[in-house]
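Beneath this line is the structure, given in structure tokens, with notes to follow.
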Amino acid sequence: MTKAAVVSGFWAQNIGNAFFNIGGKWILEQVFGENQVQFFQDAPAYRTFYPKHKGNPVKWANLIKDLDVEYLVLQGPMLTTTVSQIWAETLLEHRKRGVKLILLGCGLFKYTKEEISSARSFVETFKPSLVSTRDSVTYRSIKDLVPVMYDGIDSAFFAPRTFKPLSFIGQPYYVFNFDRYPEPTIKIEATDNPNDASFMHDDMAWHLQTPKLQSILSHKGKIHAYLGHLLDFRKLPIELGLRRIIRTEHRYMPHMTHKIYQHPNSVVSDEAFTYLSIYANSTLTLADRVHACVATLAYGNPAMLFTPSKRQSLFDRLGLESIRNKPTQLDPTYLKEEQDKQIEFIGNALRR
């Protein structure tokens with residue numbers, strides 16, 4: 001019998017979901033064996049623009065609750081104010097049959113007091129057998145309620161352990177990945193004064209300026225942000241210095257063609273592995289998507305994050321606080337040590 005079902009999916013609306021789904025499955029395969037862990041589609045309440053407080057659609061065929069498994073695994077920033085509405089029916093049915101719950105690489109979403117209260121209620125009610133968080137804020141918020149718990153790292157940091165990327169010939173590149181917030185206007189030049197720049201990289205001073213209208217709209221909300229992209233008439237460059245620019249888009253669906261292909265050298269796909277190959281070969285990634293930076297860092301390359309989202313706290317867990325201010329890299333030896341410690345903890349906990 002398959003030991004564990006890893007709830008996964010909605011990759012096309014946020015490809016970063018795939019990064020931690022893939023990494024999380026690999027983690028559990030080290031414990032249960034390669035053929036003992038399988039993916040199964042996530043609850044439909046998570047689709048874009050759906051009112052999650054309503055729970056799942058009434059006419060949904062809930063096959064998750066009928067899975068013949070020993071463990072159900074939930075991942076990512078699922079500890080929201082609506083987590084119980086979405087999962088109560090399934091988990092209560094699993095409890096009757098003795099199916100155990102694992103929260104792997106889990107985190108809060110908005111990190112509000114209300115959300116922490118909901119998360120505490122959820123874990124107290126459904127009593128997961130194991131919780132491994134992806135940031136220390138989440139860990140501290142619920143650790144007194146969970147007997148077996150680990151202050152872990154995001155599962156996407158494990159992606160290089162399972163996927164070996166393709167490489168590319170030709171001109172090296174930077175990756176710019178901006179969804180909610182606008183891509184900065186960037187000028188780079190040689191300088192002897194590092195204080196005269198937003199940051200230094202490749203021995204060049206990078207001067208960044210955020211377009212005012214797009215920035216205002218982005219902070220109003222997601223719909224306003226997409227309007228801002230539509231009104232972005234800049235002719236953005238295809239290269240900077242000796243590097244070309246590749247612009248990745250993490251949202252394949254809904255497929256807003258005007259946004260995706262508005263600027264040159266755009267890439268969008270409904271599968272994850274193209275992105276992992278791109279980030280694995282990036283000489284620098286600038287992004288407002290957390291998992292664009294996670295993937296880049298995991299493959300040993302520098303990244304810088306542009307978002308006020310509190311989900312960025314997962315970087316603090318690995319001492320990467322500087323990612324908000326300048327290009328930052330992750331020591332691969334340190335990352336492997338953290339990966340191995342987490343696998344050891346999870347293995348010991350689940351084999352008992």
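We label chains A, B, ... in the order they appear in the structure tokens, count residues from 1 in each chain, and number ligands from 1 in the order shown.
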Check: Among segment 117-301 of chain A, which ones does DSSP place in helix (DSSP H, G or I), written as number ranges by chain?
Finding: A: 117-126, 136-145, 155-162, 194-196, 212-220, 222-230, 257-260, 273-280, 290-298
With segment 287-291 of chain A as the partner and 7 Å as the cut-off, tabulate the residues of segment 142-250 of chain A that qualify, each row holding the nearest pair of atoms and their distance in Å to one decimal, using only C-alpha atoms, sorted by chain and rising number, as a Markdown table.
| residue | atom | partner | partner_atom | distance |
| --- | --- | --- | --- | --- |
| A:Phe176 | CA | A:Ala287 | CA | 5.8 |
| A:Asn177 | CA | A:Ala287 | CA | 4.4 |
| A:Phe178 | CA | A:Asp288 | CA | 5.3 |
| A:Asp179 | CA | A:Asp288 | CA | 6.6 |
| A:Tyr181 | CA | A:Asp288 | CA | 6.6 |
Margin query: For Met256 of chain A, find every residue with an atom within 12 Å (counting only C-alpha atoms), except residues of its own chain fewer than 3 positions away, and show them as an NGL selection string.
Written below: :A and (13 or 179 or 223 or 226-227 or 229-230 or 249-253 or 259-262 or 268)
Export, as a compact mmCIF listing (two decimals), in the first residue's frame, the selected residues with all heavy atoms.
# COMPACT_ATOMS: atom_id res chain seq x y z
N GLN A 13 -1.31 27.96 -11.83
CA GLN A 13 -1.64 29.29 -11.31
C GLN A 13 -0.54 29.84 -10.42
O GLN A 13 -0.53 31.03 -10.12
CB GLN A 13 -2.97 29.26 -10.57
CG GLN A 13 -2.96 28.56 -9.23
CD GLN A 13 -4.34 28.54 -8.59
OE1 GLN A 13 -5.35 28.54 -9.28
NE2 GLN A 13 -4.39 28.53 -7.27
N ASP A 179 5.69 39.66 -10.84
CA ASP A 179 4.29 39.36 -11.06
C ASP A 179 3.42 40.46 -10.46
O ASP A 179 2.83 41.25 -11.17
CB ASP A 179 3.95 38.00 -10.42
CG ASP A 179 2.47 37.70 -10.44
OD1 ASP A 179 1.82 38.01 -11.46
OD2 ASP A 179 1.94 37.16 -9.46
N ILE A 223 -5.73 42.80 -8.70
CA ILE A 223 -6.39 43.25 -9.92
C ILE A 223 -5.80 44.58 -10.39
O ILE A 223 -5.52 44.77 -11.58
CB ILE A 223 -7.91 43.39 -9.70
CG1 ILE A 223 -8.53 42.03 -9.34
CG2 ILE A 223 -8.57 43.97 -10.94
CD1 ILE A 223 -8.43 41.01 -10.43
N TYR A 226 -2.44 44.05 -12.08
CA TYR A 226 -2.50 43.59 -13.46
C TYR A 226 -2.86 44.74 -14.41
O TYR A 226 -2.39 44.78 -15.55
CB TYR A 226 -3.48 42.44 -13.59
CG TYR A 226 -3.03 41.18 -12.86
CD1 TYR A 226 -3.93 40.22 -12.45
CD2 TYR A 226 -1.68 40.99 -12.58
CE1 TYR A 226 -3.51 39.07 -11.79
CE2 TYR A 226 -1.26 39.86 -11.90
CZ TYR A 226 -2.18 38.90 -11.51
OH TYR A 226 -1.75 37.78 -10.85
N LEU A 227 -3.68 45.67 -13.93
CA LEU A 227 -3.96 46.86 -14.72
C LEU A 227 -2.68 47.66 -14.91
O LEU A 227 -2.40 48.19 -16.00
CB LEU A 227 -5.02 47.71 -14.01
CG LEU A 227 -5.29 49.09 -14.64
CD1 LEU A 227 -5.83 48.95 -16.05
CD2 LEU A 227 -6.28 49.89 -13.77
N HIS A 229 0.33 46.51 -15.07
CA HIS A 229 1.14 45.86 -16.11
C HIS A 229 0.64 46.24 -17.51
O HIS A 229 1.42 46.47 -18.43
CB HIS A 229 1.09 44.34 -15.93
CG HIS A 229 1.96 43.84 -14.82
ND1 HIS A 229 3.33 43.75 -14.94
CD2 HIS A 229 1.67 43.38 -13.58
CE1 HIS A 229 3.85 43.26 -13.82
NE2 HIS A 229 2.86 43.04 -12.98
N LEU A 230 -0.69 46.29 -17.65
CA LEU A 230 -1.27 46.65 -18.95
C LEU A 230 -0.87 48.06 -19.37
O LEU A 230 -0.68 48.35 -20.55
CB LEU A 230 -2.80 46.53 -18.87
CG LEU A 230 -3.59 46.80 -20.16
CD1 LEU A 230 -3.24 45.77 -21.23
CD2 LEU A 230 -5.09 46.78 -19.88
N GLU A 249 7.44 34.12 -15.98
CA GLU A 249 6.11 34.38 -15.45
C GLU A 249 5.63 33.11 -14.76
O GLU A 249 5.59 32.04 -15.37
CB GLU A 249 5.17 34.75 -16.61
CG GLU A 249 3.69 34.72 -16.26
CD GLU A 249 3.31 35.74 -15.21
OE1 GLU A 249 3.61 36.93 -15.39
OE2 GLU A 249 2.72 35.33 -14.19
N HIS A 250 5.30 33.19 -13.48
CA HIS A 250 4.94 32.00 -12.70
C HIS A 250 3.47 31.63 -12.80
O HIS A 250 3.07 30.59 -12.30
CB HIS A 250 5.31 32.21 -11.23
CG HIS A 250 6.74 31.94 -10.94
ND1 HIS A 250 7.21 31.59 -9.68
CD2 HIS A 250 7.84 31.96 -11.75
CE1 HIS A 250 8.51 31.41 -9.74
NE2 HIS A 250 8.92 31.64 -10.97
N ARG A 251 2.68 32.46 -13.43
CA ARG A 251 1.24 32.19 -13.52
C ARG A 251 0.87 31.88 -14.97
O ARG A 251 0.77 32.78 -15.80
CB ARG A 251 0.44 33.38 -13.00
CG ARG A 251 -1.07 33.15 -12.94
CD ARG A 251 -1.79 34.42 -12.55
NE ARG A 251 -1.38 34.91 -11.25
CZ ARG A 251 -1.88 34.47 -10.10
NH1 ARG A 251 -2.80 33.52 -10.10
NH2 ARG A 251 -1.46 34.97 -8.95
N TYR A 252 0.68 30.61 -15.26
CA TYR A 252 0.25 30.20 -16.60
C TYR A 252 -1.25 30.39 -16.77
O TYR A 252 -1.74 30.72 -17.85
CB TYR A 252 0.64 28.74 -16.84
CG TYR A 252 0.34 28.24 -18.22
CD1 TYR A 252 1.25 28.43 -19.26
CD2 TYR A 252 -0.85 27.56 -18.51
CE1 TYR A 252 0.98 27.97 -20.54
CE2 TYR A 252 -1.12 27.10 -19.78
CZ TYR A 252 -0.21 27.31 -20.79
OH TYR A 252 -0.48 26.85 -22.06
N MET A 253 -2.00 30.14 -15.70
CA MET A 253 -3.45 30.30 -15.71
C MET A 253 -3.86 31.14 -14.51
O MET A 253 -3.36 30.91 -13.39
CB MET A 253 -4.14 28.93 -15.64
CG MET A 253 -3.95 28.08 -16.87
SD MET A 253 -4.73 28.77 -18.34
CE MET A 253 -6.46 28.59 -17.88
N LYS A 259 -0.02 40.43 -20.35
CA LYS A 259 0.94 40.60 -19.25
C LYS A 259 2.17 39.71 -19.46
O LYS A 259 3.30 40.15 -19.29
CB LYS A 259 0.27 40.27 -17.92
CG LYS A 259 1.20 40.27 -16.72
CD LYS A 259 0.40 39.98 -15.44
CE LYS A 259 1.31 39.96 -14.22
NZ LYS A 259 2.20 38.80 -14.20
N ILE A 260 1.92 38.46 -19.84
CA ILE A 260 3.01 37.50 -19.95
C ILE A 260 4.01 37.91 -21.03
O ILE A 260 5.22 37.89 -20.82
CB ILE A 260 2.46 36.10 -20.23
CG1 ILE A 260 1.66 35.59 -19.02
CG2 ILE A 260 3.58 35.13 -20.58
CD1 ILE A 260 0.90 34.31 -19.28
N TYR A 261 3.51 38.27 -22.19
CA TYR A 261 4.40 38.53 -23.33
C TYR A 261 4.51 40.02 -23.66
O TYR A 261 4.83 40.38 -24.78
CB TYR A 261 3.89 37.76 -24.55
CG TYR A 261 3.93 36.25 -24.34
CD1 TYR A 261 2.75 35.52 -24.25
CD2 TYR A 261 5.14 35.58 -24.20
CE1 TYR A 261 2.78 34.14 -24.04
CE2 TYR A 261 5.18 34.21 -24.00
CZ TYR A 261 3.99 33.49 -23.92
OH TYR A 261 4.02 32.14 -23.71
N GLN A 262 4.30 40.86 -22.66
CA GLN A 262 4.37 42.29 -22.90
C GLN A 262 5.81 42.76 -23.10
O GLN A 262 6.06 43.70 -23.85
CB GLN A 262 3.74 43.04 -21.73
CG GLN A 262 3.63 44.54 -21.94
CD GLN A 262 2.78 45.19 -20.87
OE1 GLN A 262 2.38 44.55 -19.92
NE2 GLN A 262 2.50 46.47 -21.04
N VAL A 268 6.92 31.31 -20.10
CA VAL A 268 5.83 30.83 -19.25
C VAL A 268 5.54 29.39 -19.61
O VAL A 268 5.61 29.01 -20.79
CB VAL A 268 4.56 31.69 -19.39
CG1 VAL A 268 4.01 31.67 -20.81
CG2 VAL A 268 3.49 31.25 -18.40
Item checked: Distance query Val99 of chain A at most 10 Å, only C-alpha atoms, self and fewer than 6 positions along chain excluded, as a list in words ->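 These residues fall inside the cut-off: Lys3, Ala4, Lys65, Leu67, Asp68, Val69, Glu70, Tyr71, Leu72, Leu91, Leu92, Glu93 and Ser129 of chain A.
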Please produce an output containing C-alpha atoms for each residue in the selection, written as a compact mmCIF listing (two decimals), in the first residue's frame.
# COMPACT_ATOMS: atom_id res chain seq x y z
CA LYS A 3 2.29 4.96 2.52
CA ALA A 4 1.81 8.65 1.78
CA LYS A 65 -10.92 11.45 1.83
CA LEU A 67 -7.45 7.57 -0.50
CA ASP A 68 -6.14 4.25 0.78
CA VAL A 69 -3.04 5.57 2.53
CA GLU A 70 -1.37 5.69 5.90
CA TYR A 71 -0.39 9.36 5.70
CA LEU A 72 -1.88 12.47 4.11
CA LEU A 91 -9.46 14.98 7.92
CA LEU A 92 -12.40 13.88 10.06
CA GLU A 93 -13.01 11.00 7.65
CA SER A 129 1.64 13.25 13.65
Next item on the list: Could you tell me which of A:Ser167, A:Ser121, A:Thr191, A:Thr333 comes closest to Tyr275 of chain A if we count only C-alpha atoms?
Entry: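 Ranked by minimum distance to Tyr275 of chain A, first place goes to A:Ser167.
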Check: Could you pull the residues within 12 Å of Asn17 of chain A, counting only C-alpha atoms, minus those fewer than 6 positions along the same chain, as a ChimeraX atom specification?
Finding: /A:7-11,23-24,41-42,46,74-78,105-106,154-156,159,250-251,270-272,289-292,294-295
Next item on the list: Return the single residue from A:Val131, A:Ala43, A:Leu284, A:Ala119 that is closest to Pro57 of chain A, with distances computed using only C-alpha atoms.
Entry: A:Ala43
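Minimum atom-to-atom distance to Asp135 of chain A, evaluated using only C-alpha atoms, belongs to A:Leu314 out of A:Leu314, A:Ile86, A:Ala298, A:Leu213.
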Next item on the list: Identify, on the basis of only C-alpha atoms, every residue whose closest approach to Leu145 of chain A does not exceed 8 Å; exclude the query and any residue fewer than 4 positions from it along the same chain; express the result as a ChimeraX atom specification.
Entry: /A:120,123-124
Notebook entry, point to check: Of the residues A:Ser277, A:Ile169, A:Val73, A:Pro44, which is the one nearest to Ala61 of chain A, using only C-alpha atoms?
Noted result: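 For Ala61 of chain A, the nearest of the given residues is A:Pro44.
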Next item on the list: Compare A:Tyr174, A:Met204, A:Gln214, A:Lys341 by their minimum atom-to-atom distance to Ala303 of chain A, counting only C-alpha atoms, and give me the closest one.
Entry: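 The shortest atom-to-atom distance to Ala303 of chain A comes from A:Tyr174.
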Notebook entry, point to check: Which distance in Å separates atom CA of Arg317 of chain A and atom CA of Thr112 of chain A, to one decimal?
Noted result: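 We find that atom CA of Arg317 of chain A and atom CA of Thr112 of chain A lie 18.9 Å from each other.
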Check: Which residues, written as a PyMOL selection string, have at least one atom at most 9 Å from Ile116 of chain A, with only C-alpha atoms counted and residues fewer than 4 positions away on the same chain left out?
Finding: chain A and resi 79-81+108+111-112+120-121+138+141-142
Same residues, all heavy atoms, output as an mmCIF file, in the first residue's frame:
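File produced: result-v9.cif:
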data_model
loop_
_atom_site.group_PDB
_atom_site.id
_atom_site.type_symbol
_atom_site.label_atom_id
_atom_site.label_comp_id
_atom_site.auth_asym_id
_atom_site.auth_seq_id
_atom_site.Cartn_x
_atom_site.Cartn_y
_atom_site.Cartn_z
ATOM 1 N N LEU A 79 -1.575 27.241 6.434
ATOM 2 C CA LEU A 79 -2.136 27.562 7.745
ATOM 3 C C LEU A 79 -2.786 28.950 7.696
ATOM 4 O O LEU A 79 -2.278 29.930 8.228
ATOM 5 C CB LEU A 79 -1.051 27.483 8.814
ATOM 6 C CG LEU A 79 -0.534 26.066 9.095
ATOM 7 C CD1 LEU A 79 0.657 26.102 10.038
ATOM 8 C CD2 LEU A 79 -1.647 25.184 9.665
ATOM 9 N N THR A 80 -3.920 29.011 7.040
ATOM 10 C CA THR A 80 -4.656 30.251 6.811
ATOM 11 C C THR A 80 -5.879 30.316 7.711
ATOM 12 O O THR A 80 -6.201 29.356 8.430
ATOM 13 C CB THR A 80 -5.108 30.325 5.346
ATOM 14 O OG1 THR A 80 -6.028 29.240 5.105
ATOM 15 C CG2 THR A 80 -3.934 30.192 4.390
ATOM 16 N N THR A 81 -6.609 31.393 7.633
ATOM 17 C CA THR A 81 -7.847 31.512 8.410
ATOM 18 C C THR A 81 -8.925 30.558 7.903
ATOM 19 O O THR A 81 -9.901 30.295 8.602
ATOM 20 C CB THR A 81 -8.388 32.949 8.353
ATOM 21 O OG1 THR A 81 -8.558 33.331 6.985
ATOM 22 C CG2 THR A 81 -7.426 33.916 9.035
ATOM 23 N N LEU A 108 2.437 29.875 7.671
ATOM 24 C CA LEU A 108 1.311 30.796 7.643
ATOM 25 C C LEU A 108 1.289 31.500 6.285
ATOM 26 O O LEU A 108 2.208 31.335 5.469
ATOM 27 C CB LEU A 108 1.458 31.813 8.774
ATOM 28 C CG LEU A 108 1.436 31.236 10.199
ATOM 29 C CD1 LEU A 108 2.076 32.204 11.182
ATOM 30 C CD2 LEU A 108 0.018 30.897 10.624
ATOM 31 N N TYR A 111 0.344 35.889 8.331
ATOM 32 C CA TYR A 111 1.034 36.059 9.606
ATOM 33 C C TYR A 111 0.317 37.058 10.528
ATOM 34 O O TYR A 111 0.946 37.764 11.294
ATOM 35 C CB TYR A 111 2.498 36.461 9.377
ATOM 36 C CG TYR A 111 3.294 35.373 8.697
ATOM 37 C CD1 TYR A 111 3.175 35.160 7.332
ATOM 38 C CD2 TYR A 111 4.125 34.530 9.424
ATOM 39 C CE1 TYR A 111 3.870 34.142 6.703
ATOM 40 C CE2 TYR A 111 4.834 33.519 8.801
ATOM 41 C CZ TYR A 111 4.698 33.324 7.437
ATOM 42 O OH TYR A 111 5.374 32.313 6.815
ATOM 43 N N THR A 112 -0.999 37.093 10.443
ATOM 44 C CA THR A 112 -1.795 37.947 11.312
ATOM 45 C C THR A 112 -2.142 37.193 12.599
ATOM 46 O O THR A 112 -2.041 35.963 12.672
ATOM 47 C CB THR A 112 -3.090 38.362 10.615
ATOM 48 O OG1 THR A 112 -3.859 37.187 10.314
ATOM 49 C CG2 THR A 112 -2.802 39.124 9.332
ATOM 50 N N ARG A 120 -3.510 27.535 15.189
ATOM 51 C CA ARG A 120 -3.452 26.840 16.479
ATOM 52 C C ARG A 120 -4.693 25.967 16.667
ATOM 53 O O ARG A 120 -4.592 24.822 17.134
ATOM 54 C CB ARG A 120 -3.319 27.854 17.615
ATOM 55 C CG ARG A 120 -1.949 28.516 17.668
ATOM 56 C CD ARG A 120 -1.861 29.559 18.780
ATOM 57 N NE ARG A 120 -2.074 28.969 20.096
ATOM 58 C CZ ARG A 120 -1.133 28.349 20.807
ATOM 59 N NH1 ARG A 120 0.096 28.221 20.317
ATOM 60 N NH2 ARG A 120 -1.402 27.858 22.000
ATOM 61 N N SER A 121 -5.840 26.487 16.312
ATOM 62 C CA SER A 121 -7.069 25.708 16.422
ATOM 63 C C SER A 121 -7.017 24.481 15.513
ATOM 64 O O SER A 121 -7.441 23.383 15.904
ATOM 65 C CB SER A 121 -8.266 26.585 16.063
ATOM 66 O OG SER A 121 -9.460 25.842 16.083
ATOM 67 N N THR A 138 6.296 30.575 12.075
ATOM 68 C CA THR A 138 5.250 29.541 12.136
ATOM 69 C C THR A 138 5.571 28.530 13.222
ATOM 70 O O THR A 138 4.692 28.119 13.991
ATOM 71 C CB THR A 138 5.113 28.842 10.776
ATOM 72 O OG1 THR A 138 4.813 29.804 9.766
ATOM 73 C CG2 THR A 138 4.007 27.798 10.817
ATOM 74 N N SER A 141 4.774 29.802 16.594
ATOM 75 C CA SER A 141 3.352 30.068 16.774
ATOM 76 C C SER A 141 2.561 28.855 17.229
ATOM 77 O O SER A 141 1.505 28.997 17.860
ATOM 78 C CB SER A 141 2.752 30.609 15.466
ATOM 79 O OG SER A 141 3.345 31.840 15.098
ATOM 80 N N ILE A 142 3.045 27.631 16.913
ATOM 81 C CA ILE A 142 2.257 26.431 17.220
ATOM 82 C C ILE A 142 3.049 25.340 17.938
ATOM 83 O O ILE A 142 2.508 24.272 18.232
ATOM 84 C CB ILE A 142 1.638 25.830 15.930
ATOM 85 C CG1 ILE A 142 2.734 25.454 14.922
ATOM 86 C CG2 ILE A 142 0.647 26.806 15.295
ATOM 87 C CD1 ILE A 142 2.211 24.744 13.670
#
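Residues of segment 133-221 of chain A that DSSP places in strand (DSSP E), based on the backbone of this structure, are Thr133, Met149, Tyr150, Tyr173, Tyr174, Val175, Phe176, Asn177, Thr185, Ile186, Lys187, Ile188, Glu189, Phe199, Met200, His201, Met204, Ala205, Trp206, His207, Leu208 and Gln209 of chain A.
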Could you turn the residues from that selection into a file that holds N, CA, C and O atoms, as an mmCIF file, in the first residue's frame?
data_model
loop_
_atom_site.group_PDB
_atom_site.id
_atom_site.type_symbol
_atom_site.label_atom_id
_atom_site.label_comp_id
_atom_site.auth_asym_id
_atom_site.auth_seq_id
_atom_site.Cartn_x
_atom_site.Cartn_y
_atom_site.Cartn_z
ATOM 1 N N THR A 133 7.973 22.955 9.816
ATOM 2 C CA THR A 133 7.639 24.275 9.281
ATOM 3 C C THR A 133 8.690 24.751 8.291
ATOM 4 O O THR A 133 9.779 24.190 8.197
ATOM 5 N N MET A 149 7.667 18.052 16.253
ATOM 6 C CA MET A 149 7.729 19.234 15.401
ATOM 7 C C MET A 149 9.168 19.634 15.138
ATOM 8 O O MET A 149 10.029 19.506 16.011
ATOM 9 N N TYR A 150 9.415 20.167 13.913
ATOM 10 C CA TYR A 150 10.772 20.550 13.521
ATOM 11 C C TYR A 150 10.751 21.945 12.905
ATOM 12 O O TYR A 150 9.885 22.268 12.077
ATOM 13 N N TYR A 173 22.781 34.740 -18.683
ATOM 14 C CA TYR A 173 21.609 35.586 -18.491
ATOM 15 C C TYR A 173 21.309 35.872 -17.023
ATOM 16 O O TYR A 173 21.708 35.140 -16.124
ATOM 17 N N TYR A 174 20.587 36.988 -16.841
ATOM 18 C CA TYR A 174 19.908 37.287 -15.586
ATOM 19 C C TYR A 174 18.444 36.866 -15.746
ATOM 20 O O TYR A 174 17.911 36.872 -16.862
ATOM 21 N N VAL A 175 17.788 36.540 -14.633
ATOM 22 C CA VAL A 175 16.352 36.280 -14.650
ATOM 23 C C VAL A 175 15.642 37.382 -13.880
ATOM 24 O O VAL A 175 15.988 37.679 -12.738
ATOM 25 N N PHE A 176 14.646 37.979 -14.521
ATOM 26 C CA PHE A 176 13.767 38.945 -13.864
ATOM 27 C C PHE A 176 12.381 38.313 -13.784
ATOM 28 O O PHE A 176 11.813 37.916 -14.807
ATOM 29 N N ASN A 177 11.848 38.247 -12.585
ATOM 30 C CA ASN A 177 10.560 37.574 -12.355
ATOM 31 C C ASN A 177 9.672 38.497 -11.510
ATOM 32 O O ASN A 177 9.811 38.549 -10.287
ATOM 33 N N THR A 185 13.164 49.807 -13.420
ATOM 34 C CA THR A 185 14.011 50.306 -14.498
ATOM 35 C C THR A 185 15.445 50.284 -13.978
ATOM 36 O O THR A 185 15.731 50.825 -12.912
ATOM 37 N N ILE A 186 16.329 49.639 -14.730
ATOM 38 C CA ILE A 186 17.674 49.374 -14.223
ATOM 39 C C ILE A 186 18.725 49.954 -15.169
ATOM 40 O O ILE A 186 18.649 49.783 -16.385
ATOM 41 N N LYS A 187 19.675 50.609 -14.560
ATOM 42 C CA LYS A 187 20.872 51.046 -15.283
ATOM 43 C C LYS A 187 22.078 50.520 -14.523
ATOM 44 O O LYS A 187 22.118 50.579 -13.298
ATOM 45 N N ILE A 188 23.070 50.016 -15.258
ATOM 46 C CA ILE A 188 24.273 49.541 -14.603
ATOM 47 C C ILE A 188 25.495 50.234 -15.215
ATOM 48 O O ILE A 188 25.504 50.573 -16.396
ATOM 49 N N GLU A 189 26.502 50.464 -14.373
ATOM 50 C CA GLU A 189 27.695 51.153 -14.838
ATOM 51 C C GLU A 189 28.861 50.804 -13.920
ATOM 52 O O GLU A 189 28.673 50.394 -12.768
ATOM 53 N N PHE A 199 22.672 48.498 -5.415
ATOM 54 C CA PHE A 199 23.540 47.410 -4.973
ATOM 55 C C PHE A 199 24.659 47.226 -5.987
ATOM 56 O O PHE A 199 24.602 47.740 -7.105
ATOM 57 N N MET A 200 25.684 46.484 -5.575
ATOM 58 C CA MET A 200 26.789 46.136 -6.453
ATOM 59 C C MET A 200 26.681 44.672 -6.844
ATOM 60 O O MET A 200 26.371 43.810 -6.010
ATOM 61 N N HIS A 201 26.935 44.385 -8.123
ATOM 62 C CA HIS A 201 26.951 42.992 -8.581
ATOM 63 C C HIS A 201 27.765 42.923 -9.867
ATOM 64 O O HIS A 201 27.697 43.816 -10.715
ATOM 65 N N MET A 204 29.722 45.883 -10.913
ATOM 66 C CA MET A 204 28.987 46.984 -11.520
ATOM 67 C C MET A 204 28.011 47.561 -10.510
ATOM 68 O O MET A 204 27.500 46.857 -9.639
ATOM 69 N N ALA A 205 27.771 48.862 -10.645
ATOM 70 C CA ALA A 205 26.767 49.527 -9.814
ATOM 71 C C ALA A 205 25.413 49.434 -10.505
ATOM 72 O O ALA A 205 25.258 49.876 -11.643
ATOM 73 N N TRP A 206 24.454 48.853 -9.798
ATOM 74 C CA TRP A 206 23.098 48.712 -10.324
ATOM 75 C C TRP A 206 22.222 49.812 -9.724
ATOM 76 O O TRP A 206 22.073 49.893 -8.504
ATOM 77 N N HIS A 207 21.648 50.622 -10.590
ATOM 78 C CA HIS A 207 20.744 51.690 -10.169
ATOM 79 C C HIS A 207 19.319 51.263 -10.518
ATOM 80 O O HIS A 207 18.992 51.066 -11.695
ATOM 81 N N LEU A 208 18.462 51.136 -9.517
ATOM 82 C CA LEU A 208 17.105 50.665 -9.705
ATOM 83 C C LEU A 208 16.103 51.774 -9.408
ATOM 84 O O LEU A 208 16.229 52.477 -8.398
ATOM 85 N N GLN A 209 15.127 51.909 -10.279
ATOM 86 C CA GLN A 209 14.050 52.875 -10.057
ATOM 87 C C GLN A 209 12.721 52.199 -10.375
ATOM 88 O O GLN A 209 12.541 51.639 -11.466
#
